[in-house]
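K.L.:
What follows is query-v9.tsv; its format and atoms are TSV, C-alpha atoms and all ligand atoms.
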chain	number	residue	atom	x	y	z
A	1	MET	CA	17.39	-18.59	-93.94
A	2	ALA	CA	15.32	-15.59	-94.83
A	3	VAL	CA	11.79	-14.79	-95.92
A	4	LEU	CA	12.14	-13.16	-99.33
A	5	PRO	CA	9.75	-10.45	-100.55
A	6	VAL	CA	7.15	-11.85	-102.97
A	7	LEU	CA	6.57	-9.88	-106.17
A	8	THR	CA	2.98	-9.02	-106.95
A	9	TYR	CA	1.30	-8.41	-110.28
A	10	PRO	CA	1.80	-6.21	-112.33
A	11	ASP	CA	5.54	-6.49	-111.58
A	12	PRO	CA	7.05	-7.08	-115.06
A	13	ARG	CA	9.40	-9.76	-113.74
A	14	LEU	CA	6.37	-12.04	-113.31
A	15	LYS	CA	5.84	-11.98	-117.09
A	16	ARG	CA	9.35	-13.07	-118.08
A	17	VAL	CA	10.47	-16.55	-119.09
A	18	ALA	CA	12.92	-18.04	-116.56
A	19	GLU	CA	16.28	-19.58	-117.45
A	20	PRO	CA	17.26	-23.19	-116.71
A	21	VAL	CA	19.39	-23.82	-113.62
A	22	GLU	CA	22.91	-24.88	-114.59
A	23	ARG	CA	24.84	-24.92	-111.32
A	24	PHE	CA	23.63	-27.18	-108.52
A	25	ASP	CA	25.84	-25.71	-105.80
A	26	ASP	CA	25.64	-24.48	-102.20
A	27	GLU	CA	24.44	-21.07	-103.35
A	28	LEU	CA	21.47	-22.73	-105.08
A	29	ARG	CA	20.67	-24.81	-102.02
A	30	ALA	CA	20.83	-21.72	-99.80
A	31	PHE	CA	18.33	-20.07	-102.13
A	32	VAL	CA	16.06	-23.14	-101.94
A	33	ALA	CA	16.13	-22.84	-98.14
A	34	ASP	CA	15.13	-19.18	-98.37
A	35	LEU	CA	12.36	-20.02	-100.81
A	36	GLU	CA	11.03	-22.72	-98.46
A	37	CYS	CA	11.07	-20.17	-95.66
A	38	THR	CA	9.13	-17.76	-97.87
A	39	MET	CA	6.55	-20.37	-98.84
A	40	GLU	CA	6.00	-21.28	-95.19
A	41	ALA	CA	5.58	-17.62	-94.25
A	42	GLY	CA	2.70	-17.21	-96.72
A	43	PRO	CA	-0.86	-18.09	-95.77
A	44	ALA	CA	-1.40	-21.81	-96.45
A	45	ALA	CA	0.76	-21.83	-99.58
A	46	VAL	CA	1.14	-25.15	-101.40
A	47	GLY	CA	3.78	-23.98	-103.86
A	48	ILE	CA	6.04	-21.16	-104.94
A	49	ALA	CA	8.20	-20.45	-107.97
A	50	ALA	CA	11.61	-18.74	-108.01
A	51	PRO	CA	10.45	-15.88	-110.29
A	52	GLN	CA	7.91	-14.89	-107.61
A	53	VAL	CA	10.84	-13.68	-105.51
A	54	GLY	CA	12.59	-12.15	-108.52
A	55	ARG	CA	14.99	-15.01	-109.32
A	56	LEU	CA	14.39	-15.82	-112.98
A	57	GLN	CA	15.41	-19.47	-112.85
A	58	ARG	CA	13.40	-22.63	-113.50
A	59	LEU	CA	12.92	-23.76	-109.91
A	60	ILE	CA	9.70	-24.41	-108.02
A	61	LEU	CA	8.66	-25.81	-104.66
A	62	VAL	CA	5.49	-27.84	-104.22
A	63	ASP	CA	4.04	-29.22	-100.99
A	64	VAL	CA	0.40	-30.25	-100.74
A	65	SER	CA	0.82	-32.17	-97.48
A	66	SER	CA	-1.08	-29.47	-95.56
A	67	ARG	CA	-4.24	-30.38	-97.52
A	68	PRO	CA	-5.71	-33.55	-96.06
A	69	ARG	CA	-7.72	-34.45	-99.17
A	70	ALA	CA	-4.79	-34.13	-101.58
A	71	ALA	CA	-2.57	-37.13	-102.24
A	72	GLY	CA	0.98	-36.08	-102.99
A	73	HIS	CA	4.69	-36.63	-102.79
A	74	GLY	CA	5.39	-34.39	-99.79
A	75	ARG	CA	7.74	-31.47	-100.18
A	76	LEU	CA	9.33	-31.33	-103.61
A	77	VAL	CA	12.12	-29.17	-104.94
A	78	LEU	CA	11.59	-29.30	-108.71
A	79	ILE	CA	14.36	-27.80	-110.83
A	80	ASN	CA	14.17	-27.48	-114.62
A	81	PRO	CA	10.82	-29.29	-114.48
A	82	GLU	CA	9.38	-30.68	-117.70
A	83	ILE	CA	5.88	-32.03	-118.08
A	84	THR	CA	6.24	-35.02	-120.39
A	85	ALA	CA	2.63	-36.21	-120.57
A	86	TRP	CA	-0.84	-34.79	-119.90
A	87	GLU	CA	-4.18	-36.53	-119.50
A	88	GLY	CA	-7.71	-35.32	-118.83
A	89	HIS	CA	-8.97	-31.84	-118.04
A	90	VAL	CA	-10.53	-30.57	-114.86
A	91	VAL	CA	-11.69	-27.22	-113.50
A	92	GLY	CA	-10.36	-26.16	-110.12
A	93	ARG	CA	-9.94	-23.06	-108.07
A	94	GLU	CA	-6.66	-21.21	-107.88
A	95	GLY	CA	-5.20	-18.21	-106.17
A	96	CYS	CA	-1.63	-16.92	-106.19
A	97	LEU	CA	0.79	-15.37	-103.72
A	98	SER	CA	1.51	-12.80	-106.44
A	99	VAL	CA	-2.16	-11.88	-106.98
A	100	PRO	CA	-3.65	-10.97	-103.59
A	101	ASP	CA	-7.39	-11.28	-102.87
A	102	TYR	CA	-8.43	-13.04	-106.05
A	103	THR	CA	-9.26	-16.64	-106.87
A	104	GLY	CA	-10.70	-18.06	-110.04
A	105	ASN	CA	-11.48	-21.27	-111.85
A	106	VAL	CA	-8.79	-22.64	-114.14
A	107	ILE	CA	-8.76	-25.69	-116.41
A	108	ARG	CA	-5.71	-27.93	-115.94
A	109	ALA	CA	-4.65	-31.39	-116.96
A	110	GLU	CA	-5.88	-33.91	-114.42
A	111	ARG	CA	-2.88	-36.20	-114.58
A	112	ILE	CA	0.67	-35.40	-115.60
A	113	ARG	CA	4.05	-37.04	-115.83
A	114	LEU	CA	6.90	-34.84	-114.80
A	115	ALA	CA	10.69	-34.95	-114.95
A	116	ALA	CA	12.68	-32.62	-112.70
A	117	ARG	CA	15.99	-32.34	-110.89
A	118	ASP	CA	16.45	-31.84	-107.17
A	119	ALA	CA	18.82	-29.36	-105.51
A	120	HIS	CA	21.73	-31.77	-106.10
A	121	GLY	CA	20.95	-32.17	-109.79
A	122	VAL	CA	19.45	-35.66	-109.51
A	123	LEU	CA	16.79	-36.29	-112.14
A	124	THR	CA	13.52	-37.92	-110.98
A	125	GLU	CA	10.30	-38.75	-112.78
A	126	TYR	CA	6.92	-38.33	-111.12
A	127	ALA	CA	3.36	-39.35	-111.90
A	128	MET	CA	0.93	-36.86	-110.39
A	129	GLU	CA	-2.78	-36.27	-110.39
A	130	GLY	CA	-5.46	-33.99	-109.01
A	131	PHE	CA	-4.54	-31.15	-106.73
A	132	GLU	CA	-0.77	-31.80	-106.72
A	133	ALA	CA	-0.71	-31.92	-110.53
A	134	ARG	CA	-2.65	-28.64	-110.57
A	135	VAL	CA	-0.16	-26.95	-108.23
A	136	VAL	CA	2.77	-28.10	-110.39
A	137	GLN	CA	1.11	-26.69	-113.52
A	138	HIS	CA	0.40	-23.39	-111.73
A	139	GLU	CA	4.04	-23.10	-110.61
A	140	ILE	CA	5.53	-24.10	-113.98
A	141	ASP	CA	3.39	-21.35	-115.54
A	142	HIS	CA	5.33	-18.89	-113.39
A	143	LEU	CA	8.54	-20.15	-115.06
A	144	ASP	CA	7.03	-19.30	-118.44
A	145	GLY	CA	5.87	-15.83	-117.42
A	146	LEU	CA	2.21	-16.85	-117.10
A	147	LEU	CA	-0.13	-16.16	-114.22
A	148	PHE	CA	-3.39	-17.99	-113.51
A	149	LEU	CA	-5.06	-14.72	-114.45
A	150	ASP	CA	-4.13	-15.62	-118.03
A	151	ARG	CA	-6.13	-18.84	-117.74
A	152	VAL	CA	-9.17	-18.01	-115.59
A	153	VAL	CA	-12.38	-19.22	-117.20
A	154	SER	CA	-15.96	-18.10	-116.80
A	155	ARG	CA	-17.75	-19.24	-113.72
A	156	ARG	CA	-20.03	-21.07	-116.13
A	157	ALA	CA	-17.19	-23.21	-117.49
A	158	ASP	CA	-18.15	-26.23	-115.51
A	159	LEU	CA	-16.47	-29.44	-116.58
A	160	ARG	CA	-17.16	-32.56	-114.63
A	161	PRO	CA	-14.63	-32.91	-111.82
A	162	ARG	CA	-13.44	-36.38	-112.86
A	163	GLY	CA	-12.77	-37.75	-116.31
A	164	GLY	CA	-14.02	-34.57	-117.92
A	165	ARG	CA	-13.82	-34.06	-121.63
A	166	SER	CA	-11.37	-31.51	-122.91
A	167	PRO	CA	-12.79	-28.03	-123.47
A	168	ALA	CA	-11.86	-28.36	-127.13
A	169	GLY	CA	-14.15	-31.35	-127.35
A	170	ARG	CA	-17.24	-29.51	-126.13
B	1	MET	CA	-15.16	9.60	-104.30
B	2	ALA	CA	-16.35	8.20	-101.00
B	3	ASN	CA	-19.75	6.96	-102.17
B	4	TRP	CA	-20.39	3.46	-103.43
B	5	TYR	CA	-23.59	2.49	-105.19
B	6	MET	CA	-25.03	-0.69	-106.62
B	7	LEU	CA	-26.23	0.05	-110.11
B	8	THR	CA	-28.76	-2.42	-111.46
B	9	LEU	CA	-29.89	-2.47	-115.09
B	10	VAL	CA	-32.38	-4.90	-116.60
B	11	GLY	CA	-33.85	-5.06	-120.06
B	12	PRO	CA	-34.11	-6.96	-123.33
B	13	ASP	CA	-30.74	-8.24	-124.50
B	14	ARG	CA	-29.12	-6.56	-127.47
B	15	PRO	CA	-25.54	-6.00	-128.61
B	16	GLY	CA	-23.62	-3.06	-127.16
B	17	ILE	CA	-25.23	-2.71	-123.72
B	18	VAL	CA	-22.00	-3.13	-121.75
B	19	ALA	CA	-20.01	-0.75	-123.94
B	20	ARG	CA	-22.67	1.96	-123.88
B	21	VAL	CA	-23.30	1.77	-120.12
B	22	THR	CA	-19.64	1.70	-119.11
B	23	ASP	CA	-18.93	4.59	-121.47
B	24	ALA	CA	-21.65	6.64	-119.78
B	25	LEU	CA	-20.17	5.80	-116.37
B	26	TYR	CA	-16.67	6.74	-117.51
B	27	HIS	CA	-17.81	10.10	-118.85
B	28	GLY	CA	-19.84	10.61	-115.68
B	29	GLY	CA	-16.61	10.44	-113.65
B	30	CYS	CA	-17.36	7.08	-112.00
B	31	ASN	CA	-15.05	4.34	-110.77
B	32	LEU	CA	-16.13	0.76	-111.34
B	33	GLY	CA	-15.93	-1.94	-108.66
B	34	GLU	CA	-16.97	-5.55	-109.04
B	35	ALA	CA	-19.73	-6.45	-111.45
B	36	SER	CA	-21.81	-9.29	-112.77
B	37	MET	CA	-23.35	-8.91	-116.20
B	38	LEU	CA	-25.14	-11.74	-117.89
B	39	ARG	CA	-27.90	-12.84	-120.16
B	40	LEU	CA	-30.85	-14.51	-118.41
B	41	GLY	CA	-33.34	-15.83	-120.92
B	42	GLY	CA	-33.73	-13.05	-123.47
B	43	ASN	CA	-32.82	-10.37	-120.95
B	44	PHE	CA	-29.57	-8.71	-120.03
B	45	THR	CA	-28.85	-7.95	-116.39
B	46	VAL	CA	-26.14	-5.76	-114.92
B	47	SER	CA	-25.27	-5.55	-111.23
B	48	MET	CA	-22.34	-3.25	-110.85
B	49	MET	CA	-20.51	-1.55	-107.99
B	50	VAL	CA	-19.99	2.08	-108.95
B	51	GLN	CA	-18.13	4.79	-107.06
B	52	HIS	CA	-19.37	8.33	-107.60
B	53	SER	CA	-18.75	11.65	-105.86
B	54	GLY	CA	-22.39	12.71	-106.04
B	55	ASP	CA	-25.60	11.35	-104.60
B	56	ALA	CA	-27.71	8.49	-106.01
B	57	GLU	CA	-29.81	10.89	-108.10
B	58	ALA	CA	-26.72	12.34	-109.75
B	59	LEU	CA	-25.43	8.87	-110.63
B	60	ALA	CA	-28.82	7.86	-112.02
B	61	ALA	CA	-28.88	11.02	-114.14
B	62	ALA	CA	-25.47	10.17	-115.60
B	63	VAL	CA	-26.66	6.75	-116.76
B	64	ALA	CA	-30.28	7.56	-117.60
B	65	PRO	CA	-29.83	8.65	-121.24
B	66	ALA	CA	-27.97	5.43	-122.14
B	67	ALA	CA	-30.45	3.31	-120.18
B	68	HIS	CA	-33.37	4.99	-121.92
B	69	ASP	CA	-31.89	4.47	-125.39
B	70	LEU	CA	-31.23	0.79	-124.63
B	71	GLY	CA	-34.63	0.15	-123.05
B	72	LEU	CA	-33.13	-0.74	-119.67
B	73	HIS	CA	-34.70	-0.30	-116.25
B	74	LEU	CA	-32.29	1.52	-114.00
B	75	HIS	CA	-31.95	1.28	-110.24
B	76	VAL	CA	-29.36	2.80	-107.88
B	77	ASP	CA	-28.81	1.85	-104.22
B	78	PRO	CA	-26.23	3.30	-101.83
B	79	ILE	CA	-23.99	0.47	-100.50
B	80	ARG	CA	-20.85	-0.07	-98.50
B	81	GLY	CA	-17.89	-0.79	-100.80
B	82	GLU	CA	-16.10	-3.54	-98.87
B	83	LEU	CA	-13.73	-4.46	-101.65
B	84	HIS	CA	-10.67	-6.67	-101.00
B	85	ARG	CA	-12.64	-9.02	-98.78
B	86	HIS	CA	-13.18	-11.96	-101.12
B	87	VAL	CA	-14.52	-15.07	-99.47
B	88	VAL	CA	-13.01	-18.23	-100.95
B	89	PRO	CA	-15.58	-21.00	-101.41
B	90	ASP	CA	-14.67	-24.46	-100.13
B	91	VAL	CA	-17.54	-26.47	-101.57
B	92	ARG	CA	-19.38	-26.78	-104.89
B	93	VAL	CA	-22.86	-28.22	-105.34
B	94	ARG	CA	-24.56	-29.22	-108.58
B	95	VAL	CA	-28.24	-29.95	-108.92
B	96	HIS	CA	-30.02	-31.00	-112.05
B	97	GLY	CA	-33.30	-32.55	-112.95
B	98	ALA	CA	-36.71	-31.95	-114.43
B	99	ASP	CA	-37.79	-28.36	-113.89
B	100	ARG	CA	-39.98	-28.37	-110.80
B	101	PRO	CA	-41.32	-25.55	-108.67
B	102	GLY	CA	-39.61	-25.40	-105.31
B	103	ILE	CA	-36.44	-27.27	-106.26
B	104	VAL	CA	-34.13	-24.33	-105.52
B	105	ALA	CA	-35.89	-23.51	-102.26
B	106	ARG	CA	-35.70	-27.11	-101.06
B	107	VAL	CA	-32.03	-27.59	-101.90
B	108	THR	CA	-30.83	-24.21	-100.68
B	109	GLY	CA	-33.03	-24.46	-97.59
B	110	ALA	CA	-31.49	-27.79	-96.64
B	111	LEU	CA	-27.98	-26.49	-97.34
B	112	ALA	CA	-28.51	-23.25	-95.40
B	113	ALA	CA	-29.76	-25.18	-92.36
B	114	ALA	CA	-26.56	-27.26	-92.55
B	115	GLY	CA	-24.32	-24.18	-92.59
B	116	LEU	CA	-23.76	-23.33	-96.26
B	117	ASP	CA	-22.96	-19.68	-96.91
B	118	ILE	CA	-23.53	-19.23	-100.66
B	119	THR	CA	-20.98	-17.07	-102.48
B	120	ASP	CA	-22.17	-17.77	-106.01
B	121	LEU	CA	-25.24	-19.40	-107.53
B	122	GLU	CA	-26.04	-19.88	-111.18
B	123	SER	CA	-29.02	-21.65	-112.60
B	124	ASP	CA	-30.01	-22.39	-116.15
B	125	VAL	CA	-33.08	-23.88	-117.72
B	126	ALA	CA	-31.94	-26.24	-120.45
B	127	GLY	CA	-33.86	-28.85	-122.42
B	128	SER	CA	-36.90	-27.72	-124.38
B	129	GLY	CA	-40.19	-25.94	-123.76
B	130	GLU	CA	-41.96	-29.28	-123.33
B	131	ARG	CA	-39.25	-30.92	-121.27
B	132	PRO	CA	-37.28	-28.27	-119.38
B	133	LEU	CA	-34.17	-29.34	-117.54
B	134	TYR	CA	-33.04	-27.42	-114.51
B	135	VAL	CA	-29.30	-26.98	-113.92
B	136	LEU	CA	-28.09	-25.35	-110.73
B	137	ARG	CA	-24.55	-24.69	-109.66
B	138	ILE	CA	-23.65	-23.32	-106.24
B	139	GLU	CA	-20.35	-22.38	-104.65
B	140	GLY	CA	-20.06	-21.50	-101.01
B	141	VAL	CA	-18.44	-21.88	-97.64
B	142	ALA	CA	-19.35	-24.93	-95.55
B	143	GLN	CA	-19.40	-23.24	-92.17
B	144	HIS	CA	-20.13	-26.51	-90.35
B	145	GLY	CA	-18.06	-28.70	-92.64
B	146	VAL	CA	-18.80	-30.69	-95.76
B	147	LYS	CA	-20.15	-33.70	-93.85
B	148	ALA	CA	-23.07	-31.68	-92.53
B	149	LEU	CA	-23.95	-30.61	-96.07
B	150	ARG	CA	-23.76	-34.18	-97.37
B	151	ALA	CA	-26.11	-35.32	-94.63
B	152	ALA	CA	-28.55	-32.52	-95.46
B	153	LEU	CA	-28.56	-33.44	-99.14
B	154	ALA	CA	-29.03	-37.13	-98.37
B	155	GLY	CA	-32.21	-36.12	-96.55
B	156	LEU	CA	-33.66	-34.81	-99.81
B	157	GLY	CA	-34.01	-38.34	-101.14
B	158	ASP	CA	-33.94	-39.36	-104.78
B	159	GLU	CA	-36.19	-36.61	-106.06
B	160	VAL	CA	-33.32	-34.37	-107.07
B	161	ASP	CA	-30.03	-35.29	-108.71
B	162	VAL	CA	-27.48	-33.50	-106.59
B	163	SER	CA	-23.73	-33.82	-106.15
B	164	LEU	CA	-21.37	-32.07	-103.79
B	165	GLU	CA	-17.61	-31.79	-103.86
B	166	PRO	CA	-15.11	-30.02	-101.65
B	167	VAL	CA	-13.05	-27.32	-103.38
B	168	ASP	CA	-9.36	-27.08	-102.57
B	169	THR	CA	-7.92	-23.77	-103.70
B	170	VAL	CA	-4.34	-23.51	-104.89
B	171	VAL	CA	-2.28	-20.90	-103.08
B	172	GLY	CA	1.07	-20.66	-104.80
C	1	ZN	ZN	1.20	-18.32	-108.29
What would the structure in this file look like if it were written as structure tokens?

P.N.:
Amino acid sequence: MAVLPVLTYPDPRLKRVAEPVERFDDELRAFVADLECTMEAGPAAVGIAAPQVGRLQRLILVDVSSRPRAAGHGRLVLINPEITAWEGHVVGREGCLSVPDYTGNVIRAERIRLAARDAHGVLTEYAMEGFEARVVQHEIDHLDGLLFLDRVVSRRADLRPRGGRSPAGR
Amino acid sequence: MANWYMLTLVGPDRPGIVARVTDALYHGGCNLGEASMLRLGGNFTVSMMVQHSGDAEALAAAVAPAAHDLGLHLHVDPIRGELHRHVVPDVRVRVHGADRPGIVARVTGALAAAGLDITDLESDVAGSGERPLYVLRIEGVAQHGVKALRAALAGLGDEVDVSLEPVDTVVG
């Protein structure tokens, strides 16, 4: 296992759309192990996406278990993830391993349903909310060539933290 | 370019202030750091970190014509730059209620005594002239934990409508 170098903005690879994973083999699982190693090496990271280390495939890791207030599913390897349902909007603070020394407020869906494969290709569906749902949306953005910088809102954008109305409804 | 300054501009709001001021700074050979520019009431305020090779007088001279044309008061202070040291807030506080003298001092006083280091505070006066409504939003670092802040706010009683929530920041 190895800690891989993390790309930082404005590296153009962070703006590209990643390809679906097609082969669920030992090479893929070795990469997942390296990516886990990389996530653990970062400061308090709760997720990482394959394009952040230059591999343009639809694969993310999410693990919010280090945050005592966040309910979650533990460590997840999410391959070819698809969000199938969204509900609610909430403002929360985000930073990124690829954007050092900057955090900002971003509006995300409060609850999502998600379908994704694991490193063996097994498809699972998840219901997620709050912080874990936010992390998943942040990481899936990386697969679509988006950074949270593309979504940061004014400090004055202040939706209620729970059950907020959508910004479009304001 | 070793010198950092805080440039402060205040005056009646009108379109084009930001463009005109930043153009003057660009042509004056300045680098821009972090900045906050916003409308407060009918006024426009600019607080901007500016890097300039000359002294404070030289920087003021570069901006003065634009400031004069726009009717802005201009102030320049030498500062330390200290970029790339962002502090990430871990708590957010909202206060709202009837506009009352002393509300900000009471809330922030209680929070400061309980260890809140404020990184960002915004307040607005909403409602109407007859019935103003005060809206205050604070982000900061709870140096002694969120519990201490909750206890401090509980001590304020029912006079102010205040809520506090921890902020978990995504790192990913
Ligand atoms: Zn990221």

K.L.:
Residues of chain B were defined as contacting chain A if any atom lay at most 12 Å from it, counting only C-alpha atoms; please report them as a PyMOL selection string.

P.N.:
chain B and resi 34+36-38+83-94+119-124+135-139+163-172

K.L.:
What does the distance from CA of Leu35 (chain A) to CA of Asp141 (chain A) come to in Å, to one decimal?

P.N.:
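Distance between the two atoms: 17.3 Å.
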
K.L.:
Compile the contact shell of region 118-124 of chain A as a list of chain:residue names: residues with an atom at most 12 Å away, counting only C-alpha atoms, same-chain residues fewer than 5 positions apart removed.

P.N.:
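That gives A:Pro20, A:Val21, A:Glu22, A:Arg23, A:Phe24, A:Asp25, A:Asp26, A:Glu27, A:Leu28, A:Arg29, A:Ala30, A:Phe31, A:Val32, A:Ala33, A:Arg58, A:Leu59, A:Ile60, A:Leu61, A:Arg75, A:Leu76, A:Val77, A:Leu78, A:Ile79, A:Asn80, A:Pro81, A:Glu82, A:Ile83, A:Arg113.
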
K.L.:
Could you list, as an mmCIF file with C-alpha atoms, in the coordinates of the input, every residue within 7 Å of region 75-78 of chain B, counting all atoms listed in the file and ignoring same-chain residues fewer than 5 positions away?

P.N.:
data_model
loop_
_atom_site.group_PDB
_atom_site.id
_atom_site.type_symbol
_atom_site.label_atom_id
_atom_site.label_comp_id
_atom_site.auth_asym_id
_atom_site.auth_seq_id
_atom_site.Cartn_x
_atom_site.Cartn_y
_atom_site.Cartn_z
ATOM 1 C CA TRP B 4 -20.390 3.460 -103.430
ATOM 2 C CA TYR B 5 -23.590 2.490 -105.190
ATOM 3 C CA MET B 6 -25.030 -0.690 -106.620
ATOM 4 C CA LEU B 7 -26.230 0.050 -110.110
ATOM 5 C CA THR B 8 -28.760 -2.420 -111.460
ATOM 6 C CA LEU B 9 -29.890 -2.470 -115.090
ATOM 7 C CA ALA B 56 -27.710 8.490 -106.010
ATOM 8 C CA ALA B 60 -28.820 7.860 -112.020
#

K.L.:
Give the padded box for region 87-94 of chain A as JSON: axis-aligned, covering all atoms listed in the file, 3 Å on each side, centre and edge lengths in Å to one decimal.

P.N.:
{"center_x": -7.9, "center_y": -28.9, "center_z": -113.7, "size_x": 13.5, "size_y": 21.3, "size_z": 17.6}

K.L.:
Counting all atoms listed in the file, find the residues whose atoms lie at most 10 Å from (-40.2, -2.7, -124.9) (file coordinates) and write them out as a PyMOL selection string.

P.N.:
chain B and resi 11-12+70-72

K.L.:
Give the answer as one residue: which of A:Ser154, A:Ser66, A:Thr84, A:Gln137 has the shortest atom-to-atom distance to ligand ZN 1 (chain C), using only C-alpha atoms and all ligand atoms?

P.N.:
A:Gln137

K.L.:
Would you please work out which residue, of B:Glu82, B:Asp69, B:Glu130, B:Asp99, is nearest to Arg20 (chain B) when using all atoms listed in the file?

P.N.:
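With all atoms listed in the file as the atom set, the closest residue is B:Asp69.
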
K.L.:
For CA of Val46 (chain B) and CA of Thr22 (chain B), quote the distance in Å rounded to one decimal.

P.N.:
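CA of Val46 (chain B) sits 10.7 Å away from CA of Thr22 (chain B).
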
K.L.:
Identify which of the residues A:Arg117, A:His89, A:Arg151, A:Arg111 lies closest to ligand ZN 1 (chain C), counting only C-alpha atoms and all ligand atoms when measuring atom-to-atom distances.

P.N.:
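Smallest distance to ligand ZN 1 (chain C) is found for A:Arg151.
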
K.L.:
Of the candidates B:Gly97, B:Gly81, B:Gly54, B:Gly16, which one gets nearest to Asp158 (chain B) if we count all atoms listed in the file?

P.N.:
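Looking only at the distances to Asp158 (chain B), the closest residue turns out to be B:Gly97.
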
K.L.:
In Å to one decimal, how far is CA of Leu133 (chain B) from CA of Leu153 (chain B)?

P.N.:
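Interatomic distance, CA of Leu153 (chain B) to CA of Leu133 (chain B): 19.7 Å.
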
K.L.:
Leu116 (chain B): which residues within 6 Å, counting all atoms listed in the file, same-chain residues fewer than 3 positions away excluded, as a list of chain:residue names?

P.N.:
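Residues meeting the cut-off are B:Leu111, B:Ala112, B:Val141, B:Ala142, B:Gln143.
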
K.L.:
Which of these, A:Gly72, A:Gly130, A:Gly88, A:Pro51, has the shortest distance to ligand ZN 1 (chain C) once you count all atoms listed in the file?

P.N.:
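With all atoms listed in the file as the atom set, the closest residue is A:Pro51.
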
K.L.:
Go through A:Ala116, A:Leu7, A:Val90, A:Ala71 one by one, measure the shortest atom-to-atom distance of each to ligand ZN 1 (chain C) using only C-alpha atoms and all ligand atoms, and give the residue with the smallest value.

P.N.:
A:Leu7

K.L.:
Keeping all heavy atoms, write region 88-93 of chain B of the structure just shown out as a PDB file, in the first residue's frame.

P.N.:
ATOM      1  N   VAL B  88     -10.731  27.464  10.785  1.00  0.00           N
ATOM      2  CA  VAL B  88     -12.002  26.859  10.388  1.00  0.00           C
ATOM      3  C   VAL B  88     -12.965  26.900  11.573  1.00  0.00           C
ATOM      4  O   VAL B  88     -12.671  26.343  12.626  1.00  0.00           O
ATOM      5  CB  VAL B  88     -11.790  25.398   9.933  1.00  0.00           C
ATOM      6  CG1 VAL B  88     -13.125  24.772   9.526  1.00  0.00           C
ATOM      7  CG2 VAL B  88     -10.801  25.356   8.775  1.00  0.00           C
ATOM      8  N   PRO B  89     -14.100  27.572  11.415  1.00  0.00           N
ATOM      9  CA  PRO B  89     -15.051  27.663  12.529  1.00  0.00           C
ATOM     10  C   PRO B  89     -15.667  26.299  12.836  1.00  0.00           C
ATOM     11  O   PRO B  89     -15.815  25.464  11.943  1.00  0.00           O
ATOM     12  CB  PRO B  89     -16.115  28.629  12.016  1.00  0.00           C
ATOM     13  CG  PRO B  89     -16.006  28.581  10.539  1.00  0.00           C
ATOM     14  CD  PRO B  89     -14.573  28.278  10.220  1.00  0.00           C
ATOM     15  N   ASP B  90     -15.996  26.064  14.089  1.00  0.00           N
ATOM     16  CA  ASP B  90     -16.656  24.796  14.438  1.00  0.00           C
ATOM     17  C   ASP B  90     -18.015  25.014  15.099  1.00  0.00           C
ATOM     18  O   ASP B  90     -18.625  24.070  15.585  1.00  0.00           O
ATOM     19  CB  ASP B  90     -15.748  23.921  15.322  1.00  0.00           C
ATOM     20  CG  ASP B  90     -15.382  24.578  16.644  1.00  0.00           C
ATOM     21  OD1 ASP B  90     -15.959  25.628  16.984  1.00  0.00           O
ATOM     22  OD2 ASP B  90     -14.506  24.027  17.341  1.00  0.00           O
ATOM     23  N   VAL B  91     -18.482  26.254  15.100  1.00  0.00           N
ATOM     24  CA  VAL B  91     -19.795  26.509  15.684  1.00  0.00           C
ATOM     25  C   VAL B  91     -20.434  27.716  15.005  1.00  0.00           C
ATOM     26  O   VAL B  91     -19.724  28.614  14.517  1.00  0.00           O
ATOM     27  CB  VAL B  91     -19.669  26.715  17.213  1.00  0.00           C
ATOM     28  CG1 VAL B  91     -18.934  28.001  17.532  1.00  0.00           C
ATOM     29  CG2 VAL B  91     -21.026  26.695  17.894  1.00  0.00           C
ATOM     30  N   ARG B  92     -21.764  27.685  14.911  1.00  0.00           N
ATOM     31  CA  ARG B  92     -22.512  28.779  14.286  1.00  0.00           C
ATOM     32  C   ARG B  92     -23.626  29.189  15.251  1.00  0.00           C
ATOM     33  O   ARG B  92     -24.286  28.331  15.841  1.00  0.00           O
ATOM     34  CB  ARG B  92     -23.105  28.296  12.966  1.00  0.00           C
ATOM     35  CG  ARG B  92     -23.827  29.356  12.163  1.00  0.00           C
ATOM     36  CD  ARG B  92     -24.396  28.750  10.876  1.00  0.00           C
ATOM     37  NE  ARG B  92     -23.326  28.236  10.017  1.00  0.00           N
ATOM     38  CZ  ARG B  92     -23.393  27.069   9.372  1.00  0.00           C
ATOM     39  NH1 ARG B  92     -24.437  26.290   9.490  1.00  0.00           N
ATOM     40  NH2 ARG B  92     -22.393  26.681   8.607  1.00  0.00           N
ATOM     41  N   VAL B  93     -23.779  30.480  15.423  1.00  0.00           N
ATOM     42  CA  VAL B  93     -24.789  31.002  16.346  1.00  0.00           C
ATOM     43  C   VAL B  93     -25.694  31.958  15.588  1.00  0.00           C
ATOM     44  O   VAL B  93     -25.211  32.775  14.800  1.00  0.00           O
ATOM     45  CB  VAL B  93     -24.134  31.759  17.525  1.00  0.00           C
ATOM     46  CG1 VAL B  93     -25.196  32.296  18.485  1.00  0.00           C
ATOM     47  CG2 VAL B  93     -23.151  30.861  18.267  1.00  0.00           C
TER      48      VAL B  93
END
